[in-house]
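Before any comments, here is the structure.
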Amino acid sequence: MKKLFLLILLVLNIFAVNSSIQLFKEKNSKHTRFTVLGLGDSITEGGKNFHSYLYDLWEMLYSAGYDFEFIGPHASKCRIGAINNAGYSGKNAEFLEAHIDSIYRLYPADIVLLHSGHNHSEAENPVAGIITSQESIIRIIKIINPNVRILVAQVITSGKLPKYSYLKDLNKGIAKMVKRQKSKNVILVDQAKGFDWQKYTIADKVHPNPEGAKRMACVWFKSLKKILPPASQTYRPELVSYKQVKRGNLYLHVFKPVSSKKGIKHPCIIYFFGGGWATGSPLQFYRECAYYASKGMVAITADYRISSVDQTTPFESVEDARDAIRYIRDHSMQLNLDANKIVAAGASAGGHLAAVTGILSNSIDNKSSYKPNLLVLYYPVIDNSPDGFGTKELKKRYQEISPLHNIDNYVPPTLFILGTKDPLISVSTAETFKSKLKECGVACDLILYKGAGHPIFSYTKPLTSDFYKIRIDTDNFLKKQGYLKK
């Protein structure tokens, strides 16, 4: 009996040790969230007629799987809404030196991207003063946070001459100054090399155009990758053009199944991002796409026209969403997907688009085969009437594309997830939607998240338990419909 008791203790001890090791591995395999402060002048902040590098860098970091956040006192508009930074238009390095103590104490980022050297003139002979100010900025930041990593840029070139003739000498001085720091946490980044102002700036010969901003972001990103630990997951979707619009190609970001045998057709899920038909990015659903690709689905997140980028209305967004469904059906062989198992999914305005693809009357194009087979809707905008949500023009023409007002017997089975404290979509609206579907013989699973608002979670913020709850509820729905293995 005593031997048996000792044996049980030994087994329990081994189990406890193994569990501790596993927990340690899981804890330490996760990439640590970090904050970034873009520090500089208008080249960092951006403006009405030119681009900052911030959004392009955000895309690169997000696609690479990093868990991060841009912080700062200013919010620069971009297609995902805004990105925070400490770019001060029209201000120089001396201004930043005078204010850096208060700026950095309020926004003590883990990583600082310093790009400052403009807003002087050759006649001022400013190089020595700029270098002195940059050294002071670095010193003050390091006093506040000894572990900070500061990336100091040799600034981009300019064709505004003779005003900016001093930049060449300034960049030489910046390189020497960084070397004097003798710190592995103060890193020189050469933004000047290869930056051709004739190719990469707008008409003022100073501020980056879209291509110039992307080039700056690439240089920052390469330097950041050298100091950051590997991310837990890197996203590498295949970009497939599904239509052309005024700004160029609209792409499907296609995540192929992790394991796929030749000739096997996979269920497909296509996501439409939220943002009020005005902002947003296909990257919003990269996490979900990677997850469902790992479960054997072809997972797609679609770009579509939005007002902040294309100056369009929700009607053009709807047109693009329907064209995306048409494309994947017509190209199911090339995409290796089962044309009879297509799920349209989305959040908020993206939920509206997903719903529209499955609900709008076929009389518009007389092609019922272009409807998806299932709908997965996260806090979707389903009522565009004057009592619902939408732009002024949309409310006038709501009967054309309001999901709640176009329900018929041909709507696919639907999952509807909504927070009970959603200020845009009421629980009663969701219940009315479900009732109308039921009257038409359409199955609708309505799941209410008590106390949740709009959105239920944010893809740019740390993930909450609701993110994983939504995944579980979506899994259960897809399993019930035969799209995922039980």
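How things are named: the first chain in the structure tokens is A, the next is B, and so on; residues count from 1 in each chain; ligands count from 1 in the order shown.
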Practice item. Just the residues within 8 Å of range 179-193 of chain A, please, counting only C-alpha atoms, with nothing from its chain fewer than 5 positions along; format it as a ChimeraX atom specification. Key: /A:147-157,171,216,219-220,223
**Study point:** Residue contacts of Leu377 in chain A (8 Å, only C-alpha atoms) excluding same-chain residues fewer than 4 positions away, as a VMD selection string
**Key:** chain A and resid 345 to 347 351 to 352 354 to 355 414 to 417
Selected residues, N, CA and C atoms, written as an mmCIF file, in the first residue's frame, please.
```
data_model
loop_
_atom_site.group_PDB
_atom_site.id
_atom_site.type_symbol
_atom_site.label_atom_id
_atom_site.label_comp_id
_atom_site.auth_asym_id
_atom_site.auth_seq_id
_atom_site.Cartn_x
_atom_site.Cartn_y
_atom_site.Cartn_z
ATOM 1 N N ALA A 345 -18.733 36.555 -44.130
ATOM 2 C CA ALA A 345 -18.653 36.990 -42.736
ATOM 3 C C ALA A 345 -18.185 38.436 -42.681
ATOM 4 N N GLY A 346 -18.448 39.089 -41.560
ATOM 5 C CA GLY A 346 -17.982 40.459 -41.409
ATOM 6 C C GLY A 346 -18.438 41.052 -40.089
ATOM 7 N N ALA A 347 -17.872 42.219 -39.777
ATOM 8 C CA ALA A 347 -18.179 42.908 -38.525
ATOM 9 C C ALA A 347 -18.675 44.311 -38.819
ATOM 10 N N GLY A 351 -20.205 43.476 -41.580
ATOM 11 C CA GLY A 351 -21.317 42.550 -41.363
ATOM 12 C C GLY A 351 -22.493 42.903 -42.256
ATOM 13 N N HIS A 352 -22.696 44.200 -42.444
ATOM 14 C CA HIS A 352 -23.731 44.658 -43.374
ATOM 15 C C HIS A 352 -23.442 44.142 -44.782
ATOM 16 N N ALA A 354 -21.564 41.574 -45.690
ATOM 17 C CA ALA A 354 -21.734 40.118 -45.743
ATOM 18 C C ALA A 354 -23.216 39.765 -45.824
ATOM 19 N N ALA A 355 -24.027 40.439 -45.001
ATOM 20 C CA ALA A 355 -25.464 40.175 -45.013
ATOM 21 C C ALA A 355 -26.073 40.488 -46.372
ATOM 22 N N THR A 414 -27.901 31.678 -40.844
ATOM 23 C CA THR A 414 -27.171 32.848 -40.348
ATOM 24 C C THR A 414 -26.791 32.727 -38.879
ATOM 25 N N LEU A 415 -25.562 33.143 -38.576
ATOM 26 C CA LEU A 415 -25.132 33.340 -37.190
ATOM 27 C C LEU A 415 -25.055 34.841 -36.955
ATOM 28 N N PHE A 416 -25.696 35.316 -35.883
ATOM 29 C CA PHE A 416 -25.757 36.746 -35.561
ATOM 30 C C PHE A 416 -25.262 36.919 -34.129
ATOM 31 N N ILE A 417 -24.126 37.604 -33.975
ATOM 32 C CA ILE A 417 -23.558 37.857 -32.646
ATOM 33 C C ILE A 417 -23.634 39.348 -32.350
#
```
Go through range 362-475 of chain A residue by residue and, counting only C-alpha atoms, keep those with an atom at most 12 Å from range 77-100 of chain A; for each kept residue give the shortest atom pair and its distance in Å to one decimal, ordered by chain and increasing number, as a tab-separated table.
```
residue	atom	partner	partner_atom	distance
A:Ser458	CA	A:Ile80	CA	11.5
A:Tyr459	CA	A:Ile80	CA	10.5
A:Thr460	CA	A:Ile80	CA	9.3
```
Review point. Can you list every residue in range 171-261 of chain A that DSSP puts in alpha helix (DSSP H), as an MDAnalysis selection string?
Key: chainID A and resid 171:181 197:200 210:227
Review point. Where does DSSP see strand (DSSP E) in range 142-343 of chain A, if you list the residues as an MDAnalysis selection string?
Key: chainID A and resid 149:154 186:190 238:245 248:255 266:272 298:302 337:343
Could those selected residues go to a file with N, CA and C atoms, as a CSV table (one decimal), in the first residue's frame?
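Once written, result10.csv looks like this:
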```csv
chain,number,residue,atom,x,y,z
A,149,ARG,N,14.5,51.8,-26.5
A,149,ARG,CA,15.4,51.7,-27.8
A,149,ARG,C,15.0,52.8,-28.7
A,150,ILE,N,16.0,53.6,-29.1
A,150,ILE,CA,15.8,54.8,-29.9
A,150,ILE,C,16.4,54.6,-31.2
A,151,LEU,N,15.6,54.6,-32.3
A,151,LEU,CA,16.1,54.6,-33.6
A,151,LEU,C,16.2,56.0,-34.2
A,152,VAL,N,17.4,56.4,-34.5
A,152,VAL,CA,17.7,57.8,-34.9
A,152,VAL,C,17.9,57.8,-36.5
A,153,ALA,N,17.1,58.6,-37.2
A,153,ALA,CA,17.2,58.5,-38.6
A,153,ALA,C,18.1,59.6,-39.2
A,154,GLN,N,18.9,59.2,-40.2
A,154,GLN,CA,19.5,60.2,-41.1
A,154,GLN,C,18.4,60.5,-42.0
A,186,VAL,N,20.7,52.7,-28.9
A,186,VAL,CA,20.5,53.8,-29.8
A,186,VAL,C,21.1,53.4,-31.2
A,187,ILE,N,20.2,53.4,-32.1
A,187,ILE,CA,20.5,52.7,-33.4
A,187,ILE,C,20.3,53.7,-34.6
A,188,LEU,N,21.3,53.7,-35.4
A,188,LEU,CA,21.3,54.6,-36.6
A,188,LEU,C,20.4,53.9,-37.7
A,189,VAL,N,19.5,54.7,-38.3
A,189,VAL,CA,18.7,54.2,-39.4
A,189,VAL,C,18.9,55.2,-40.6
A,190,ASP,N,19.4,54.7,-41.7
A,190,ASP,CA,19.7,55.6,-42.8
A,190,ASP,C,18.4,55.7,-43.7
A,238,GLU,N,-1.9,35.2,-50.0
A,238,GLU,CA,-1.7,35.4,-51.4
A,238,GLU,C,-2.7,36.5,-51.9
A,239,LEU,N,-2.2,37.5,-52.5
A,239,LEU,CA,-3.0,38.6,-53.0
A,239,LEU,C,-3.5,38.3,-54.4
A,240,VAL,N,-4.9,38.3,-54.5
A,240,VAL,CA,-5.5,38.0,-55.8
A,240,VAL,C,-6.4,39.1,-56.1
A,241,SER,N,-6.2,39.8,-57.3
A,241,SER,CA,-7.0,40.9,-57.7
A,241,SER,C,-8.4,40.4,-58.2
A,242,TYR,N,-9.5,40.9,-57.7
A,242,TYR,CA,-10.8,40.5,-58.1
A,242,TYR,C,-11.5,41.6,-58.9
A,243,LYS,N,-11.0,42.8,-58.9
A,243,LYS,CA,-11.6,43.8,-59.8
A,243,LYS,C,-10.7,45.1,-59.8
A,244,GLN,N,-10.9,45.9,-60.8
A,244,GLN,CA,-10.2,47.2,-60.9
A,244,GLN,C,-11.2,48.3,-60.6
A,245,VAL,N,-10.7,49.3,-59.9
A,245,VAL,CA,-11.4,50.5,-59.6
A,245,VAL,C,-10.5,51.7,-59.9
A,248,GLY,N,-7.0,51.5,-58.6
A,248,GLY,CA,-6.2,50.4,-59.0
A,248,GLY,C,-6.9,49.1,-58.7
A,249,ASN,N,-6.2,48.0,-58.4
A,249,ASN,CA,-6.8,46.7,-58.1
A,249,ASN,C,-7.3,46.6,-56.7
A,250,LEU,N,-8.5,45.9,-56.6
A,250,LEU,CA,-8.9,45.5,-55.3
A,250,LEU,C,-8.6,44.0,-55.1
A,251,TYR,N,-8.0,43.7,-53.9
A,251,TYR,CA,-7.4,42.4,-53.7
A,251,TYR,C,-8.2,41.6,-52.7
A,252,LEU,N,-8.2,40.3,-52.9
A,252,LEU,CA,-8.6,39.3,-51.9
A,252,LEU,C,-7.3,38.8,-51.3
A,253,HIS,N,-7.2,38.8,-50.0
A,253,HIS,CA,-6.1,38.3,-49.2
A,253,HIS,C,-6.4,36.9,-48.9
A,254,VAL,N,-5.8,35.9,-49.6
A,254,VAL,CA,-6.2,34.5,-49.6
A,254,VAL,C,-5.3,33.7,-48.7
A,255,PHE,N,-5.8,33.1,-47.6
A,255,PHE,CA,-5.0,32.2,-46.8
A,255,PHE,C,-5.4,30.8,-47.2
A,266,HIS,N,-12.1,22.8,-50.6
A,266,HIS,CA,-12.2,23.1,-49.2
A,266,HIS,C,-13.4,24.2,-49.0
A,267,PRO,N,-14.1,24.1,-47.9
A,267,PRO,CA,-15.0,25.2,-47.6
A,267,PRO,C,-14.3,26.5,-47.6
A,268,CYS,N,-15.0,27.6,-47.8
A,268,CYS,CA,-14.4,28.9,-47.9
A,268,CYS,C,-15.1,29.9,-47.0
A,269,ILE,N,-14.4,30.7,-46.3
A,269,ILE,CA,-15.0,31.8,-45.5
A,269,ILE,C,-14.3,33.1,-46.0
A,270,ILE,N,-15.1,34.1,-46.3
A,270,ILE,CA,-14.6,35.4,-46.8
A,270,ILE,C,-15.1,36.5,-45.8
A,271,TYR,N,-14.2,37.3,-45.3
A,271,TYR,CA,-14.5,38.4,-44.4
A,271,TYR,C,-14.5,39.8,-45.0
A,272,PHE,N,-15.4,40.6,-44.5
A,272,PHE,CA,-15.4,42.0,-44.9
A,272,PHE,C,-15.2,42.8,-43.6
A,298,VAL,N,-10.4,27.5,-47.0
A,298,VAL,CA,-9.8,28.6,-47.7
A,298,VAL,C,-10.4,29.9,-47.1
A,299,ALA,N,-9.5,30.7,-46.5
A,299,ALA,CA,-10.0,31.8,-45.7
A,299,ALA,C,-9.5,33.1,-46.4
A,300,ILE,N,-10.5,34.0,-46.6
A,300,ILE,CA,-10.2,35.2,-47.4
A,300,ILE,C,-10.7,36.5,-46.7
A,301,THR,N,-9.9,37.5,-46.7
A,301,THR,CA,-10.3,38.8,-46.2
A,301,THR,C,-10.2,39.8,-47.4
A,302,ALA,N,-11.3,40.5,-47.7
A,302,ALA,CA,-11.5,41.2,-48.9
A,302,ALA,C,-11.3,42.7,-48.7
A,337,LEU,N,-11.5,25.8,-53.8
A,337,LEU,CA,-12.5,25.9,-52.8
A,337,LEU,C,-13.8,25.2,-53.3
A,338,ASP,N,-14.7,24.8,-52.4
A,338,ASP,CA,-16.0,24.2,-52.7
A,338,ASP,C,-17.0,25.3,-52.9
A,339,ALA,N,-17.4,25.5,-54.2
A,339,ALA,CA,-18.3,26.5,-54.5
A,339,ALA,C,-19.7,26.4,-53.8
A,340,ASN,N,-20.0,25.3,-53.2
A,340,ASN,CA,-21.2,25.1,-52.5
A,340,ASN,C,-21.1,25.2,-51.0
A,341,LYS,N,-19.9,25.7,-50.6
A,341,LYS,CA,-19.7,25.9,-49.2
A,341,LYS,C,-18.9,27.2,-49.0
A,342,ILE,N,-19.6,28.3,-49.3
A,342,ILE,CA,-19.0,29.6,-49.1
A,342,ILE,C,-19.7,30.4,-48.0
A,343,VAL,N,-18.9,30.9,-47.0
A,343,VAL,CA,-19.4,31.6,-45.9
A,343,VAL,C,-19.0,33.1,-46.1
```
Check your understanding: Excluding same-chain residues fewer than 4 positions from range 436-452 of chain A, what lies within 9 Å of it counting only C-alpha atoms, as number ranges by chain?
Key -> A: 404, 407-422, 427, 430-432, 456-457, 466, 473, 477
Check your understanding: Distance CA of Lys199 in chain A-CA of Val309 in chain A, one decimal place?
Key ->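 CA of Lys199 in chain A sits 22.0 Å away from CA of Val309 in chain A.
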Check your understanding: Which residues, written as a PyMOL selection string, have at least one atom at most 10 Å from Gly296 in chain A, with only C-alpha atoms counted and residues fewer than 5 positions away on the same chain left out?
Key -> chain A and resi 256-260+265-268+291+483-485
Please write the residues from the selection above to a file, keeping all heavy atoms, as a CSV table (one decimal), in the first residue's frame.
```
chain,number,residue,atom,x,y,z
A,256,LYS,N,-4.5,30.0,-47.7
A,256,LYS,CA,-4.7,28.7,-48.1
A,256,LYS,C,-4.7,27.7,-47.0
A,256,LYS,O,-4.0,27.9,-46.0
A,256,LYS,CB,-3.7,28.3,-49.2
A,256,LYS,CG,-3.8,29.1,-50.5
A,256,LYS,CD,-2.7,28.7,-51.5
A,256,LYS,CE,-2.8,29.5,-52.8
A,256,LYS,NZ,-1.8,29.2,-53.7
A,257,PRO,N,-5.5,26.6,-47.1
A,257,PRO,CA,-5.4,25.6,-46.0
A,257,PRO,C,-4.0,25.1,-45.7
A,257,PRO,O,-3.2,24.9,-46.6
A,257,PRO,CB,-6.3,24.5,-46.5
A,257,PRO,CG,-7.2,25.1,-47.6
A,257,PRO,CD,-6.3,26.2,-48.2
A,258,VAL,N,-3.8,25.0,-44.4
A,258,VAL,CA,-2.4,24.5,-44.0
A,258,VAL,C,-2.1,23.2,-44.6
A,258,VAL,O,-1.0,22.9,-45.1
A,258,VAL,CB,-2.3,24.5,-42.5
A,258,VAL,CG1,-1.0,23.9,-42.0
A,258,VAL,CG2,-2.5,25.9,-41.9
A,259,SER,N,-3.0,22.3,-44.6
A,259,SER,CA,-2.8,21.0,-45.2
A,259,SER,C,-3.9,20.8,-46.3
A,259,SER,O,-5.1,20.9,-46.0
A,259,SER,CB,-2.9,19.8,-44.2
A,259,SER,OG,-4.2,19.9,-43.5
A,260,SER,N,-3.4,20.5,-47.5
A,260,SER,CA,-4.4,20.4,-48.6
A,260,SER,C,-3.9,19.4,-49.6
A,260,SER,O,-2.7,19.4,-50.0
A,260,SER,CB,-4.5,21.8,-49.3
A,260,SER,OG,-5.4,21.7,-50.4
A,265,LYS,N,-11.6,19.9,-52.5
A,265,LYS,CA,-12.1,21.2,-52.5
A,265,LYS,C,-12.5,21.6,-51.0
A,265,LYS,O,-13.1,20.8,-50.4
A,265,LYS,CB,-13.4,21.3,-53.4
A,265,LYS,CG,-13.1,21.0,-54.9
A,265,LYS,CD,-12.0,22.0,-55.4
A,265,LYS,CE,-11.7,21.7,-56.9
A,265,LYS,NZ,-10.6,22.5,-57.4
A,266,HIS,N,-12.1,22.8,-50.6
A,266,HIS,CA,-12.2,23.1,-49.2
A,266,HIS,C,-13.4,24.2,-49.0
A,266,HIS,O,-13.6,25.0,-49.9
A,266,HIS,CB,-10.9,23.8,-48.7
A,266,HIS,CG,-9.8,22.9,-48.8
A,266,HIS,ND1,-9.4,22.0,-47.8
A,266,HIS,CD2,-8.9,22.7,-49.8
A,266,HIS,CE1,-8.3,21.3,-48.1
A,266,HIS,NE2,-8.0,21.7,-49.4
A,267,PRO,N,-14.1,24.1,-47.9
A,267,PRO,CA,-15.0,25.2,-47.6
A,267,PRO,C,-14.3,26.5,-47.6
A,267,PRO,O,-13.1,26.6,-47.3
A,267,PRO,CB,-15.5,24.8,-46.2
A,267,PRO,CG,-15.2,23.3,-46.1
A,267,PRO,CD,-14.0,23.1,-46.8
A,268,CYS,N,-15.0,27.6,-47.8
A,268,CYS,CA,-14.4,28.9,-47.9
A,268,CYS,C,-15.1,29.9,-47.0
A,268,CYS,O,-16.4,29.8,-46.9
A,268,CYS,CB,-14.4,29.4,-49.3
A,268,CYS,SG,-13.9,31.2,-49.5
A,291,TYR,N,-6.4,31.3,-38.6
A,291,TYR,CA,-7.0,30.3,-37.8
A,291,TYR,C,-7.8,29.3,-38.6
A,291,TYR,O,-7.6,28.1,-38.5
A,291,TYR,CB,-7.9,30.9,-36.7
A,291,TYR,CG,-8.7,29.9,-35.9
A,291,TYR,CD1,-8.0,29.2,-34.9
A,291,TYR,CD2,-10.0,29.7,-36.1
A,291,TYR,CE1,-8.7,28.2,-34.2
A,291,TYR,CE2,-10.7,28.8,-35.4
A,291,TYR,CZ,-10.1,28.1,-34.4
A,291,TYR,OH,-10.8,27.2,-33.7
A,483,TYR,N,-19.3,22.6,-42.0
A,483,TYR,CA,-18.1,23.3,-42.7
A,483,TYR,C,-16.8,23.0,-41.9
A,483,TYR,O,-15.8,23.3,-42.5
A,483,TYR,CB,-18.4,24.8,-42.8
A,483,TYR,CG,-19.4,25.2,-43.8
A,483,TYR,CD1,-20.7,24.7,-43.8
A,483,TYR,CD2,-19.1,26.0,-44.9
A,483,TYR,CE1,-21.6,25.0,-44.8
A,483,TYR,CE2,-20.0,26.4,-45.8
A,483,TYR,CZ,-21.3,25.9,-45.8
A,483,TYR,OH,-22.2,26.2,-46.7
A,484,LEU,N,-16.9,22.6,-40.7
A,484,LEU,CA,-15.7,22.2,-39.9
A,484,LEU,C,-16.0,20.9,-39.4
A,484,LEU,O,-17.1,20.5,-39.0
A,484,LEU,CB,-15.5,23.2,-38.8
A,484,LEU,CG,-14.8,24.6,-39.1
A,484,LEU,CD1,-14.6,25.3,-37.7
A,484,LEU,CD2,-13.5,24.4,-39.8
A,485,LYS,N,-14.9,20.1,-39.2
A,485,LYS,CA,-15.1,18.8,-38.6
A,485,LYS,C,-15.4,18.9,-37.1
A,485,LYS,O,-14.8,19.8,-36.4
A,485,LYS,CB,-13.8,18.0,-38.8
A,485,LYS,CG,-13.5,17.6,-40.2
A,485,LYS,CD,-12.2,16.8,-40.3
A,485,LYS,CE,-12.0,16.4,-41.8
A,485,LYS,NZ,-10.7,15.6,-41.9
```
Check your understanding: Any idea what's packed within 8 Å of Thr234 in chain A, counting only C-alpha atoms, ignoring anything in its chain fewer than 3 positions away? Could you give it as a list in words?
Key -> Ser63, Ala64, Gly65 and Ala231 of chain A
Could those residues be written to a file, using N, CA, C and O atoms, as a PDB file, in the first residue's frame?
```pdb
ATOM      1  N   SER A  63       1.189  42.686 -40.249  1.00  0.00           N
ATOM      2  CA  SER A  63       1.296  41.506 -41.115  1.00  0.00           C
ATOM      3  C   SER A  63       2.382  40.555 -40.626  1.00  0.00           C
ATOM      4  O   SER A  63       2.288  39.343 -40.825  1.00  0.00           O
ATOM      5  N   ALA A  64       3.401  41.122 -39.993  1.00  0.00           N
ATOM      6  CA  ALA A  64       4.491  40.295 -39.476  1.00  0.00           C
ATOM      7  C   ALA A  64       4.121  39.612 -38.159  1.00  0.00           C
ATOM      8  O   ALA A  64       4.911  38.832 -37.626  1.00  0.00           O
ATOM      9  N   GLY A  65       2.926  39.901 -37.641  1.00  0.00           N
ATOM     10  CA  GLY A  65       2.438  39.212 -36.447  1.00  0.00           C
ATOM     11  C   GLY A  65       2.827  39.841 -35.135  1.00  0.00           C
ATOM     12  O   GLY A  65       2.638  39.234 -34.074  1.00  0.00           O
ATOM     13  N   ALA A 231       8.111  37.205 -34.011  1.00  0.00           N
ATOM     14  CA  ALA A 231       6.685  37.214 -33.682  1.00  0.00           C
ATOM     15  C   ALA A 231       6.168  35.784 -33.626  1.00  0.00           C
ATOM     16  O   ALA A 231       6.743  34.870 -34.238  1.00  0.00           O
TER      17      ALA A 231
END
```
